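Structure file coords_0.cif (mmCIF, C-alpha atoms (C1' of nucleotides)) follows.
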data_coords
#
loop_
_atom_site.label_atom_id
_atom_site.label_comp_id
_atom_site.auth_asym_id
_atom_site.auth_seq_id
_atom_site.Cartn_x
_atom_site.Cartn_y
_atom_site.Cartn_z
CA MET A 12 -10.31 -1.46 -19.75
CA ALA A 13 -10.89 0.81 -22.73
CA CYS A 14 -13.22 3.13 -20.84
CA VAL A 15 -10.51 4.52 -18.57
CA THR A 16 -7.97 5.12 -21.30
CA LYS A 17 -9.13 8.60 -22.21
CA GLU A 18 -9.00 9.77 -18.61
CA ALA A 19 -5.70 7.95 -18.23
CA ILE A 20 -4.18 9.90 -21.08
CA GLY A 21 -5.51 13.13 -19.59
CA ARG A 22 -3.91 12.41 -16.24
CA MET A 23 -0.69 11.42 -17.85
CA THR A 24 -0.67 14.55 -19.99
CA ARG A 25 -0.95 16.72 -16.90
CA LEU A 26 1.80 14.69 -15.27
CA ILE A 27 4.16 14.85 -18.23
CA GLY A 28 2.98 18.01 -19.98
CA ASP A 29 2.80 16.61 -23.52
CA ALA A 30 -0.13 14.68 -25.00
CA ASP A 31 1.89 12.54 -27.41
CA LYS A 32 4.41 11.55 -24.79
CA ALA A 33 1.53 10.81 -22.41
CA GLN A 34 -0.07 8.47 -24.94
CA CYS A 35 3.29 6.80 -25.29
CA LYS A 36 3.72 6.38 -21.54
CA VAL A 37 0.22 4.94 -21.11
CA ASN A 38 0.94 2.42 -23.85
CA LYS A 39 4.25 1.53 -22.28
CA LEU A 40 2.74 0.99 -18.82
CA ARG A 41 -0.03 -1.15 -20.22
CA SER A 42 2.43 -3.18 -22.25
CA ILE A 43 4.60 -3.88 -19.20
CA THR A 44 1.67 -5.35 -17.29
CA ALA A 45 0.39 -7.12 -20.40
CA LYS A 46 3.70 -8.96 -20.54
CA LEU A 47 3.23 -10.22 -17.01
CA ASN A 48 1.56 -13.59 -17.38
CA GLU A 49 -1.60 -13.78 -15.25
CA LYS A 50 -1.23 -17.48 -14.52
CA ASP A 51 2.35 -17.09 -13.37
CA ILE A 52 1.43 -14.22 -11.08
CA ASP A 53 -1.47 -16.16 -9.61
CA ALA A 54 0.79 -19.13 -8.98
CA GLU A 55 3.31 -16.90 -7.24
CA ALA A 56 0.62 -15.23 -5.16
CA GLU A 57 -0.51 -18.70 -4.13
CA ILE A 58 2.94 -19.46 -2.73
CA PHE A 59 2.98 -16.19 -0.77
CA LYS A 60 -0.56 -16.85 0.49
CA ALA A 61 0.56 -20.19 1.88
CA MET A 62 3.33 -18.45 3.81
CA ALA A 63 1.08 -15.62 4.97
CA ASP A 64 -0.04 -17.16 8.25
CA PRO A 65 1.73 -17.41 11.60
CA TYR A 66 0.83 -21.06 12.22
CA ARG A 67 1.99 -22.06 8.78
CA LEU A 68 5.23 -20.15 9.21
CA LYS A 69 5.77 -21.96 12.50
CA ILE A 70 5.22 -25.29 10.77
CA LEU A 71 7.75 -24.43 8.07
CA MET A 72 10.26 -23.34 10.70
CA LEU A 73 9.75 -26.60 12.58
CA LEU A 74 10.23 -28.63 9.44
CA ARG A 75 13.63 -27.05 8.95
CA GLU A 76 14.69 -29.36 11.78
CA GLY A 77 13.49 -32.43 9.87
CA GLU A 78 10.48 -34.55 9.01
CA LEU A 79 7.53 -34.56 11.43
CA CYS A 80 4.16 -36.29 11.56
CA VAL A 81 0.84 -34.50 12.06
CA CYS A 82 0.59 -35.45 15.72
CA GLU A 83 3.99 -33.90 16.41
CA ILE A 84 3.11 -30.74 14.56
CA MET A 85 -0.21 -30.30 16.35
CA ILE A 86 1.63 -30.56 19.66
CA ALA A 87 4.23 -28.06 18.56
CA ILE A 88 1.78 -25.44 17.32
CA ASP A 89 -0.79 -26.30 19.98
CA ARG A 90 -3.85 -26.51 17.69
CA PRO A 91 -6.54 -29.18 17.26
CA GLN A 92 -5.96 -31.98 14.80
CA SER A 93 -8.41 -30.66 12.21
CA THR A 94 -6.81 -27.23 12.24
CA THR A 95 -3.35 -28.71 11.91
CA SER A 96 -4.46 -30.90 9.02
CA TYR A 97 -6.03 -27.92 7.31
CA GLN A 98 -2.90 -25.81 7.58
CA LEU A 99 -0.76 -28.66 6.31
CA SER A 100 -3.05 -29.08 3.31
CA ILE A 101 -2.55 -25.41 2.37
CA LEU A 102 1.22 -25.79 2.54
CA ARG A 103 1.08 -29.06 0.61
CA ASP A 104 -1.17 -27.68 -2.13
CA ALA A 105 1.18 -24.73 -2.57
CA GLY A 106 4.06 -27.15 -3.03
CA LEU A 107 5.98 -25.98 0.02
CA ILE A 108 5.93 -29.31 1.83
CA ARG A 109 5.69 -32.97 0.85
CA GLU A 110 3.77 -35.77 2.46
CA ARG A 111 4.95 -39.32 2.99
CA LYS A 112 2.55 -42.01 4.27
CA ASP A 113 4.08 -44.29 6.89
CA GLY A 114 1.59 -46.77 8.32
CA ARG A 115 -1.14 -44.71 9.90
CA TRP A 116 1.12 -41.69 10.13
CA SER A 117 1.57 -38.92 7.57
CA ARG A 118 5.02 -37.46 7.71
CA TYR A 119 5.73 -34.03 6.30
CA ARG A 120 8.96 -32.39 5.20
CA LEU A 121 10.01 -29.23 3.34
CA SER A 122 9.82 -29.78 -0.39
CA GLU A 123 12.87 -27.74 -1.36
CA GLY A 124 15.71 -25.58 -0.11
CA ALA A 125 14.13 -22.43 -1.54
CA VAL A 126 11.61 -22.52 1.30
CA ILE A 127 14.43 -22.04 3.79
CA GLU A 128 15.90 -19.25 1.66
CA MET A 129 12.49 -17.59 1.72
CA LEU A 130 12.36 -17.81 5.51
CA ASN A 131 15.86 -16.35 5.75
CA LEU A 132 15.00 -13.55 3.37
CA VAL A 133 11.83 -12.50 5.16
CA LYS A 134 13.68 -12.52 8.49
CA LEU A 135 16.23 -10.19 6.94
CA MET A 136 13.50 -7.86 5.71
CA LYS A 137 11.81 -7.79 9.09
CA ASP A 138 15.10 -7.14 10.87
CA ASN A 139 15.94 -4.32 8.47
CA GLN A 140 12.60 -2.70 9.21
CA ASN A 141 13.12 -2.86 12.96
CA GLY A 142 16.61 -1.47 12.72
CA GLY A 143 18.64 -4.67 12.95
CA GLY A 144 17.25 -6.46 16.04
CA ASP A 145 18.01 -10.14 16.61
CA SER A 146 15.75 -13.12 17.30
CA GLY A 147 15.42 -16.96 17.27
CA MET B 21 -2.27 -25.56 26.25
CA ALA B 22 -1.92 -27.81 29.31
CA CYS B 23 -5.15 -29.73 28.61
CA VAL B 24 -3.81 -31.45 25.49
CA THR B 25 -0.49 -32.43 27.04
CA LYS B 26 -1.63 -35.76 28.45
CA GLU B 27 -3.10 -36.86 25.14
CA ALA B 28 -0.03 -35.48 23.39
CA ILE B 29 2.26 -37.67 25.49
CA GLY B 30 0.02 -40.67 24.78
CA ARG B 31 0.25 -40.12 21.04
CA MET B 32 3.95 -39.57 21.22
CA THR B 33 4.43 -42.72 23.29
CA ARG B 34 2.66 -44.76 20.63
CA LEU B 35 4.76 -43.11 17.97
CA ILE B 36 8.07 -43.62 19.77
CA GLY B 37 7.29 -46.63 21.95
CA ASP B 38 8.70 -45.26 25.20
CA ALA B 39 6.88 -42.99 27.65
CA ASP B 40 9.94 -41.20 28.97
CA LYS B 41 11.32 -40.51 25.53
CA ALA B 42 7.86 -39.36 24.46
CA GLN B 43 7.70 -36.87 27.33
CA CYS B 44 11.11 -35.66 26.26
CA LYS B 45 10.06 -35.26 22.63
CA VAL B 46 6.89 -33.36 23.56
CA ASN B 47 8.95 -31.01 25.70
CA LYS B 48 11.45 -30.55 22.92
CA LEU B 49 8.78 -29.76 20.31
CA ARG B 50 7.11 -27.30 22.62
CA SER B 51 10.40 -25.65 23.45
CA ILE B 52 11.25 -25.19 19.76
CA THR B 53 8.02 -23.31 19.10
CA ALA B 54 8.32 -21.46 22.40
CA LYS B 55 11.64 -20.10 21.17
CA LEU B 56 9.98 -18.73 18.05
CA ASN B 57 9.05 -15.19 18.95
CA GLU B 58 5.34 -14.57 18.26
CA LYS B 59 5.88 -10.93 17.31
CA ASP B 60 8.62 -11.77 14.86
CA ILE B 61 6.50 -14.45 13.23
CA ASP B 62 3.53 -12.11 12.97
CA ALA B 63 5.72 -9.45 11.39
CA GLU B 64 7.03 -11.95 8.88
CA ALA B 65 3.53 -13.21 8.10
CA GLU B 66 2.56 -9.59 7.48
CA ILE B 67 5.24 -9.29 4.81
CA PHE B 68 4.07 -12.47 3.09
CA LYS B 69 0.43 -11.31 3.33
CA ALA B 70 1.33 -8.12 1.52
CA MET B 71 2.84 -10.14 -1.30
CA ALA B 72 -0.04 -12.62 -1.39
CA ASP B 73 -2.17 -10.84 -3.98
CA PRO B 74 -1.85 -10.70 -7.78
CA TYR B 75 -2.43 -6.93 -8.06
CA ARG B 76 0.12 -6.22 -5.37
CA LEU B 77 2.64 -8.52 -7.03
CA LYS B 78 2.06 -6.68 -10.29
CA ILE B 79 2.70 -3.38 -8.55
CA LEU B 80 5.97 -4.65 -7.07
CA MET B 81 7.04 -5.95 -10.46
CA LEU B 82 6.26 -2.59 -12.04
CA LEU B 83 8.22 -0.74 -9.40
CA ARG B 84 11.30 -2.79 -10.27
CA GLU B 85 11.46 -0.53 -13.31
CA GLY B 86 11.54 2.61 -11.14
CA GLU B 87 9.43 5.07 -9.20
CA LEU B 88 5.79 5.55 -10.24
CA CYS B 89 2.92 7.74 -9.04
CA VAL B 90 -0.52 6.41 -8.16
CA CYS B 91 -2.09 7.53 -11.42
CA GLU B 92 0.50 5.58 -13.38
CA ILE B 93 0.01 2.48 -11.29
CA MET B 94 -3.76 2.57 -11.61
CA ILE B 95 -3.38 2.70 -15.38
CA ALA B 96 -0.92 -0.16 -15.37
CA ILE B 97 -3.00 -2.50 -13.22
CA ASP B 98 -6.27 -1.21 -14.65
CA ARG B 99 -8.11 -0.67 -11.35
CA PRO B 100 -10.01 2.31 -9.92
CA GLN B 101 -8.13 4.91 -7.93
CA SER B 102 -9.49 3.80 -4.56
CA THR B 103 -8.54 0.20 -5.16
CA THR B 104 -5.06 1.20 -6.26
CA SER B 105 -4.62 3.39 -3.21
CA TYR B 106 -5.78 0.57 -0.96
CA GLN B 107 -3.32 -1.92 -2.42
CA LEU B 108 -0.49 0.58 -2.15
CA SER B 109 -1.34 1.16 1.51
CA ILE B 110 -1.01 -2.57 2.22
CA LEU B 111 2.41 -2.66 0.57
CA ARG B 112 3.50 0.53 2.33
CA ASP B 113 2.34 -0.66 5.76
CA ALA B 114 4.26 -3.90 5.29
CA GLY B 115 7.37 -1.87 4.52
CA LEU B 116 7.77 -3.18 0.98
CA ILE B 117 7.44 0.19 -0.73
CA ARG B 118 8.12 3.79 0.23
CA GLU B 119 6.11 6.88 -0.53
CA ARG B 120 7.48 10.26 -1.55
CA LYS B 121 5.17 13.28 -1.76
CA ASP B 122 5.80 15.46 -4.79
CA GLY B 123 3.30 18.31 -5.06
CA ARG B 124 -0.08 16.70 -5.45
CA TRP B 125 1.48 13.43 -6.55
CA SER B 126 2.51 10.51 -4.38
CA ARG B 127 5.39 8.61 -5.86
CA TYR B 128 6.13 5.07 -4.82
CA ARG B 129 9.27 2.96 -5.07
CA LEU B 130 10.53 -0.37 -3.74
CA SER B 131 11.92 0.07 -0.26
CA GLU B 132 14.80 -2.37 -0.54
CA GLY B 133 16.57 -4.84 -2.78
CA ALA B 134 15.31 -7.79 -0.77
CA VAL B 135 11.90 -7.28 -2.36
CA ILE B 136 13.39 -8.05 -5.76
CA GLU B 137 15.20 -11.07 -4.33
CA MET B 138 11.87 -12.26 -2.98
CA LEU B 139 10.26 -11.91 -6.42
CA ASN B 140 13.16 -13.81 -7.99
CA LEU B 141 12.96 -16.56 -5.40
CA VAL B 142 9.22 -17.12 -5.75
CA LYS B 143 9.57 -17.25 -9.52
CA LEU B 144 12.19 -19.95 -9.05
CA MET B 145 9.89 -21.92 -6.79
CA LYS B 146 7.00 -21.68 -9.21
CA ASP B 147 9.19 -22.71 -12.15
CA ASN B 148 10.54 -25.68 -10.19
CA GLN B 149 7.00 -26.82 -9.50
CA ASN B 150 5.96 -26.61 -13.16
CA GLY B 151 9.07 -28.43 -14.32
CA GLY B 152 11.23 -25.51 -15.42
CA GLY B 153 8.95 -23.43 -17.67
CA ASP B 154 9.91 -19.84 -18.61
CA SER B 155 7.99 -16.55 -18.42
CA GLY B 156 8.22 -12.76 -18.39
"C1'" DT C 12 -13.47 -58.87 12.55
"C1'" DT C 13 -13.91 -55.77 16.20
"C1'" DT C 14 -11.53 -51.95 18.17
"C1'" DA C 15 -8.27 -48.21 18.53
"C1'" DT C 16 -5.63 -44.83 16.38
"C1'" DA C 17 -3.95 -41.23 12.91
"C1'" DT C 18 -5.33 -38.36 9.65
"C1'" DA C 19 -8.43 -36.25 6.23
"C1'" DT C 20 -12.63 -34.17 5.10
"C1'" DC C 21 -17.02 -31.91 5.96
"C1'" DA C 22 -19.95 -28.19 7.26
"C1'" DA C 23 -21.27 -24.21 9.54
"C1'" DA C 24 -19.97 -20.39 12.16
"C1'" DA C 25 -16.62 -16.92 12.77
"C1'" DT C 26 -13.15 -13.87 11.11
"C1'" DA C 27 -10.53 -11.39 7.75
"C1'" DG C 28 -9.58 -9.21 3.41
"C1'" DT C 29 -11.12 -6.78 -0.94
"C1'" DT C 30 -13.67 -3.72 -3.91
"C1'" DT C 31 -15.35 0.60 -5.10
"C1'" DG C 32 -18.43 4.81 -5.17
"C1'" DA C 33 -18.62 8.65 -2.32
"C1'" DT C 34 -16.32 11.92 0.29
"C1'" DA C 35 -12.45 14.28 2.56
"C1'" DT C 36 -7.84 16.28 2.33
"C1'" DG C 37 -4.22 18.83 0.60
"C1'" DC C 38 -1.68 21.10 -3.01
"C1'" DA C 39 -1.45 24.29 -6.97
"C1'" DT C 40 -3.20 27.75 -9.72
"C1'" DG C 41 -6.13 31.48 -11.36
"C1'" DC D 28 -10.30 32.21 -1.81
"C1'" DA D 29 -12.61 29.39 -5.46
"C1'" DT D 30 -11.53 25.77 -8.53
"C1'" DG D 31 -9.42 21.61 -10.21
"C1'" DC D 32 -6.80 17.80 -9.51
"C1'" DA D 33 -4.22 13.71 -7.10
"C1'" DT D 34 -4.63 10.93 -3.55
"C1'" DA D 35 -6.36 9.10 0.87
"C1'" DT D 36 -10.01 7.51 3.63
"C1'" DC D 37 -14.64 5.87 4.60
"C1'" DA D 38 -18.36 2.62 4.59
"C1'" DA D 39 -20.98 -1.04 3.04
"C1'" DA D 40 -21.36 -4.89 0.19
"C1'" DC D 41 -18.97 -8.71 -1.22
"C1'" DT D 42 -15.67 -12.53 -1.20
"C1'" DA D 43 -12.28 -15.52 0.85
"C1'" DT D 44 -10.05 -17.79 4.62
"C1'" DT D 45 -9.89 -19.96 9.10
"C1'" DT D 46 -11.50 -22.57 12.96
"C1'" DT D 47 -13.14 -26.66 14.94
"C1'" DG D 48 -16.43 -30.42 16.38
"C1'" DA D 49 -18.21 -34.16 14.00
"C1'" DT D 50 -17.60 -37.70 10.83
"C1'" DA D 51 -15.28 -40.61 7.34
"C1'" DT D 52 -11.33 -43.30 5.91
"C1'" DA D 53 -7.43 -46.09 6.41
"C1'" DT D 54 -4.11 -48.68 8.92
"C1'" DA D 55 -2.83 -51.64 12.64
"C1'" DA D 56 -3.50 -54.39 16.55
"C1'" DA D 57 -6.27 -57.35 19.60
#
If you took the structure in this file and wrote it as structure tokens, what would it be?
Amino acid sequence: MACVTKEAIGRMTRLIGDADKAQCKVNKLRSITAKLNEKDIDAEAEIFKAMADPYRLKILMLLREGELCVCEIMIAIDRPQSTTSYQLSILRDAGLIRERKDGRWSRYRLSEGAVIEMLNLVKLMKDNQNGGGDSG
Amino acid sequence: MACVTKEAIGRMTRLIGDADKAQCKVNKLRSITAKLNEKDIDAEAEIFKAMADPYRLKILMLLREGELCVCEIMIAIDRPQSTTSYQLSILRDAGLIRERKDGRWSRYRLSEGAVIEMLNLVKLMKDNQNGGGDSG
DNA sequence: TTTATATATCAAAATAGTTTGATATGCATG
DNA sequence: CATGCATATCAAACTATTTTGATATATAAA
């Protein structure tokens, strides 16, 4: 951390043109990131990681329609049981879905409305990138 | 795909208790996922992947404050230049940030407001999970 | 209580993503 | 055009995630 500071100030001085202001800017940048709580950021990254897979996105989209058990989900995404279980465990551990035991079945559902908002938002972003195309 | 269908209908029949209805349900589940466009889902997963890393989240949070060049970002996140460049390329390729060349500097900024909405939404989700804690 | 079923977990192979020093590229200046 | 600097790209080591058959666990039915 400390070992790059000198070079950092040099770079910043060339960028800004004034050594004192550069020192100031370096301090400011460092203080902004210092304020960002590591644990919070890791927790947020964990949520994005859980959504960062096509099968898992499919599962979330399916669960918008209502609660489903593992055997239904494995049919829908067309993967083996162990794979389906694995993907569900990632979503569950990230807090995106909830499990309910029902006899020998495990039924899964979305844990909160924000998951749907997230899916809507990412669709919007994708559509904006492609120039406003439409899709299911 | 076809080779699991028979077993799928068996499972579904046990779940529902009626072979015809089971066949129907299997078809319905398959048709829901069939409607989900693979390319769209992959594109959306790509966006989530880009956000699924603590350093990249930090960068996005920094860029909420305005445009920054690579040398400023590497100071803020305290990583070597090559690492910083790599992370920026992931964000750029996913369409989350935009690059602007300015002499020998490359300046980066958020590409759209939806990125900020995404950051707000994930913070909400994380806070809900922890029982409403607060953070920077 | 034996058997079948649904799901979770394990373990090992396969695949994918990250880090970073070294090097290339491109701009600006002397 | 030689030099210095900012950034991008490369390549190899490293780390993490995913896949899936096999196996364990738990529930229900025979």
Cα-based least-squares overlay of chain A on chain B, as an mmCIF file with C-alpha atoms, keeping the file's coordinate frame:
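Listing of part12.cif after writing:
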data_model
loop_
_atom_site.group_PDB
_atom_site.id
_atom_site.type_symbol
_atom_site.label_atom_id
_atom_site.label_comp_id
_atom_site.auth_asym_id
_atom_site.auth_seq_id
_atom_site.Cartn_x
_atom_site.Cartn_y
_atom_site.Cartn_z
ATOM 1 C CA MET A 12 -2.334 -25.669 26.349
ATOM 2 C CA ALA A 13 -1.970 -27.917 29.380
ATOM 3 C CA CYS A 14 -5.149 -29.852 28.652
ATOM 4 C CA VAL A 15 -3.787 -31.535 25.530
ATOM 5 C CA THR A 16 -0.472 -32.542 27.032
ATOM 6 C CA LYS A 17 -1.623 -35.856 28.435
ATOM 7 C CA GLU A 18 -3.104 -36.939 25.121
ATOM 8 C CA ALA A 19 -0.022 -35.570 23.397
ATOM 9 C CA ILE A 20 2.237 -37.781 25.458
ATOM 10 C CA GLY A 21 0.003 -40.763 24.723
ATOM 11 C CA ARG A 22 0.207 -40.177 20.993
ATOM 12 C CA MET A 23 3.903 -39.672 21.148
ATOM 13 C CA THR A 24 4.361 -42.831 23.195
ATOM 14 C CA ARG A 25 2.579 -44.862 20.543
ATOM 15 C CA LEU A 26 4.690 -43.179 17.887
ATOM 16 C CA ILE A 27 7.994 -43.732 19.658
ATOM 17 C CA GLY A 28 7.203 -46.749 21.829
ATOM 18 C CA ASP A 29 8.645 -45.430 25.101
ATOM 19 C CA ALA A 30 6.840 -43.162 27.571
ATOM 20 C CA ASP A 31 9.923 -41.377 28.905
ATOM 21 C CA LYS A 32 11.289 -40.667 25.466
ATOM 22 C CA ALA A 33 7.824 -39.485 24.417
ATOM 23 C CA GLN A 34 7.700 -37.017 27.304
ATOM 24 C CA CYS A 35 11.109 -35.824 26.229
ATOM 25 C CA LYS A 36 10.053 -35.368 22.609
ATOM 26 C CA VAL A 37 6.900 -33.460 23.573
ATOM 27 C CA ASN A 38 8.987 -31.132 25.718
ATOM 28 C CA LYS A 39 11.477 -30.655 22.928
ATOM 29 C CA LEU A 40 8.795 -29.827 20.347
ATOM 30 C CA ARG A 41 7.131 -27.371 22.674
ATOM 31 C CA SER A 42 10.445 -25.743 23.486
ATOM 32 C CA ILE A 43 11.283 -25.263 19.803
ATOM 33 C CA THR A 44 8.059 -23.363 19.182
ATOM 34 C CA ALA A 45 8.381 -21.518 22.489
ATOM 35 C CA LYS A 46 11.683 -20.144 21.237
ATOM 36 C CA LEU A 47 10.011 -18.741 18.154
ATOM 37 C CA ASN A 48 9.096 -15.188 19.059
ATOM 38 C CA GLU A 49 5.404 -14.519 18.368
ATOM 39 C CA LYS A 50 5.941 -10.885 17.439
ATOM 40 C CA ASP A 51 8.673 -11.723 14.964
ATOM 41 C CA ILE A 52 6.538 -14.382 13.322
ATOM 42 C CA ASP A 53 3.580 -12.032 13.078
ATOM 43 C CA ALA A 54 5.773 -9.378 11.506
ATOM 44 C CA GLU A 55 7.062 -11.881 8.971
ATOM 45 C CA ALA A 56 3.567 -13.119 8.194
ATOM 46 C CA GLU A 57 2.594 -9.503 7.598
ATOM 47 C CA ILE A 58 5.262 -9.178 4.911
ATOM 48 C CA PHE A 59 4.076 -12.371 3.199
ATOM 49 C CA LYS A 60 0.450 -11.209 3.442
ATOM 50 C CA ALA A 61 1.355 -8.015 1.620
ATOM 51 C CA MET A 62 2.860 -10.060 -1.204
ATOM 52 C CA ALA A 63 -0.022 -12.531 -1.280
ATOM 53 C CA ASP A 64 -2.146 -10.770 -3.882
ATOM 54 C CA PRO A 65 -1.850 -10.673 -7.667
ATOM 55 C CA TYR A 66 -2.427 -6.920 -7.985
ATOM 56 C CA ARG A 67 0.136 -6.175 -5.329
ATOM 57 C CA LEU A 68 2.646 -8.492 -6.962
ATOM 58 C CA LYS A 69 2.059 -6.686 -10.246
ATOM 59 C CA ILE A 70 2.698 -3.358 -8.542
ATOM 60 C CA LEU A 71 5.958 -4.621 -7.056
ATOM 61 C CA MET A 72 7.034 -5.969 -10.437
ATOM 62 C CA LEU A 73 6.254 -2.623 -12.053
ATOM 63 C CA LEU A 74 8.219 -0.758 -9.431
ATOM 64 C CA ARG A 75 11.286 -2.793 -10.296
ATOM 65 C CA GLU A 76 11.421 -0.574 -13.382
ATOM 66 C CA GLY A 77 11.509 2.579 -11.245
ATOM 67 C CA GLU A 78 9.409 5.061 -9.317
ATOM 68 C CA LEU A 79 5.766 5.531 -10.353
ATOM 69 C CA CYS A 80 2.891 7.701 -9.175
ATOM 70 C CA VAL A 81 -0.558 6.388 -8.249
ATOM 71 C CA CYS A 82 -2.124 7.458 -11.530
ATOM 72 C CA GLU A 83 0.474 5.483 -13.476
ATOM 73 C CA ILE A 84 -0.005 2.423 -11.334
ATOM 74 C CA MET A 85 -3.790 2.480 -11.631
ATOM 75 C CA ILE A 86 -3.413 2.576 -15.407
ATOM 76 C CA ALA A 87 -0.950 -0.278 -15.365
ATOM 77 C CA ILE A 88 -3.024 -2.576 -13.169
ATOM 78 C CA ASP A 89 -6.304 -1.310 -14.602
ATOM 79 C CA ARG A 90 -8.133 -0.750 -11.286
ATOM 80 C CA PRO A 91 -10.042 2.246 -9.896
ATOM 81 C CA GLN A 92 -8.156 4.877 -7.960
ATOM 82 C CA SER A 93 -9.516 3.832 -4.567
ATOM 83 C CA THR A 94 -8.536 0.220 -5.131
ATOM 84 C CA THR A 95 -5.070 1.212 -6.259
ATOM 85 C CA SER A 96 -4.625 3.455 -3.234
ATOM 86 C CA TYR A 97 -5.761 0.670 -0.949
ATOM 87 C CA GLN A 98 -3.314 -1.834 -2.386
ATOM 88 C CA LEU A 99 -0.485 0.668 -2.166
ATOM 89 C CA SER A 100 -1.303 1.314 1.486
ATOM 90 C CA ILE A 101 -0.963 -2.413 2.258
ATOM 91 C CA LEU A 102 2.437 -2.539 0.581
ATOM 92 C CA ARG A 103 3.520 0.669 2.306
ATOM 93 C CA ASP A 104 2.394 -0.467 5.758
ATOM 94 C CA ALA A 105 4.306 -3.717 5.310
ATOM 95 C CA GLY A 106 7.424 -1.719 4.505
ATOM 96 C CA LEU A 107 7.786 -3.057 0.978
ATOM 97 C CA ILE A 108 7.461 0.296 -0.761
ATOM 98 C CA ARG A 109 8.125 3.928 0.122
ATOM 99 C CA GLU A 110 6.114 7.002 -0.669
ATOM 100 C CA ARG A 111 7.445 10.373 -1.734
ATOM 101 C CA LYS A 112 5.116 13.394 -2.027
ATOM 102 C CA ASP A 113 5.758 15.515 -5.108
ATOM 103 C CA GLY A 114 3.259 18.344 -5.496
ATOM 104 C CA ARG A 115 -0.123 16.712 -5.788
ATOM 105 C CA TRP A 116 1.429 13.422 -6.812
ATOM 106 C CA SER A 117 2.493 10.551 -4.563
ATOM 107 C CA ARG A 118 5.369 8.644 -6.029
ATOM 108 C CA TYR A 119 6.119 5.115 -4.918
ATOM 109 C CA ARG A 120 9.269 3.027 -5.154
ATOM 110 C CA LEU A 121 10.543 -0.293 -3.775
ATOM 111 C CA SER A 122 11.939 0.180 -0.299
ATOM 112 C CA GLU A 123 14.820 -2.276 -0.570
ATOM 113 C CA GLY A 124 16.605 -4.765 -2.786
ATOM 114 C CA ALA A 125 15.325 -7.710 -0.749
ATOM 115 C CA VAL A 126 11.915 -7.208 -2.344
ATOM 116 C CA ILE A 127 13.409 -7.998 -5.738
ATOM 117 C CA GLU A 128 15.222 -11.015 -4.292
ATOM 118 C CA MET A 129 11.885 -12.199 -2.931
ATOM 119 C CA LEU A 130 10.278 -11.865 -6.357
ATOM 120 C CA ASN A 131 13.160 -13.776 -7.934
ATOM 121 C CA LEU A 132 12.960 -16.495 -5.325
ATOM 122 C CA VAL A 133 9.229 -17.063 -5.663
ATOM 123 C CA LYS A 134 9.574 -17.205 -9.454
ATOM 124 C CA LEU A 135 12.195 -19.896 -8.985
ATOM 125 C CA MET A 136 9.902 -21.869 -6.695
ATOM 126 C CA LYS A 137 7.007 -21.623 -9.112
ATOM 127 C CA ASP A 138 9.189 -22.663 -12.039
ATOM 128 C CA ASN A 139 10.535 -25.632 -10.092
ATOM 129 C CA GLN A 140 6.995 -26.768 -9.384
ATOM 130 C CA ASN A 141 5.985 -26.582 -13.031
ATOM 131 C CA GLY A 142 9.059 -28.435 -14.166
ATOM 132 C CA GLY A 143 11.234 -25.532 -15.287
ATOM 133 C CA GLY A 144 8.976 -23.492 -17.615
ATOM 134 C CA ASP A 145 9.928 -19.934 -18.552
ATOM 135 C CA SER A 146 8.001 -16.660 -18.370
ATOM 136 C CA GLY A 147 8.227 -12.812 -18.327
#
Using only C-alpha atoms, determine which residues of chain B fall within 8 Å of chain A; present them as a PyMOL selection string. chain B and resi 21+25+28+31-32+46+49-50+52-53+55-57+60-69+71-74+77-78+82+91-92+95-98+115+134+138+141-143+145-146+149+155-156
Output check: residues returned by the PyMOL selection byres ((chain B) within 8 of (chain C)), as a PyMOL selection string: chain B and resi 100+102-103+123-124
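Among the candidate residues D:DA33, D:DA38, D:DA56, D:DA49, the one lying nearest to chain B is D:DA33, with distances computed using all atoms listed in the file.
Taking atom CA of Gly151 of chain B and atom CA of Leu83 of chain B as endpoints, the distance between them is 28.1 Å.
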What separates atom CA of Ala33 of chain A and atom CA of Gly21 of chain A is a distance of 7.9 Å
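You will find atom CA of Arg120 of chain B at 16.4 Å from atom CA of Tyr106 of chain B.
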The PyMOL selection byres ((chain D) within 9 of (chain A)) applied to the shown file, residues as a short mmCIF file (atom, residue, chain, number, x, y, z; two decimals) with C-alpha atoms (C1' of nucleotides), in the coordinates of the input:
data_model
loop_
_atom_site.label_atom_id
_atom_site.label_comp_id
_atom_site.auth_asym_id
_atom_site.auth_seq_id
_atom_site.Cartn_x
_atom_site.Cartn_y
_atom_site.Cartn_z
"C1'" DT D 45 -9.89 -19.96 9.10
"C1'" DT D 46 -11.50 -22.57 12.96
"C1'" DT D 47 -13.14 -26.66 14.94
"C1'" DA D 53 -7.43 -46.09 6.41
"C1'" DT D 54 -4.11 -48.68 8.92
"C1'" DA D 55 -2.83 -51.64 12.64
#
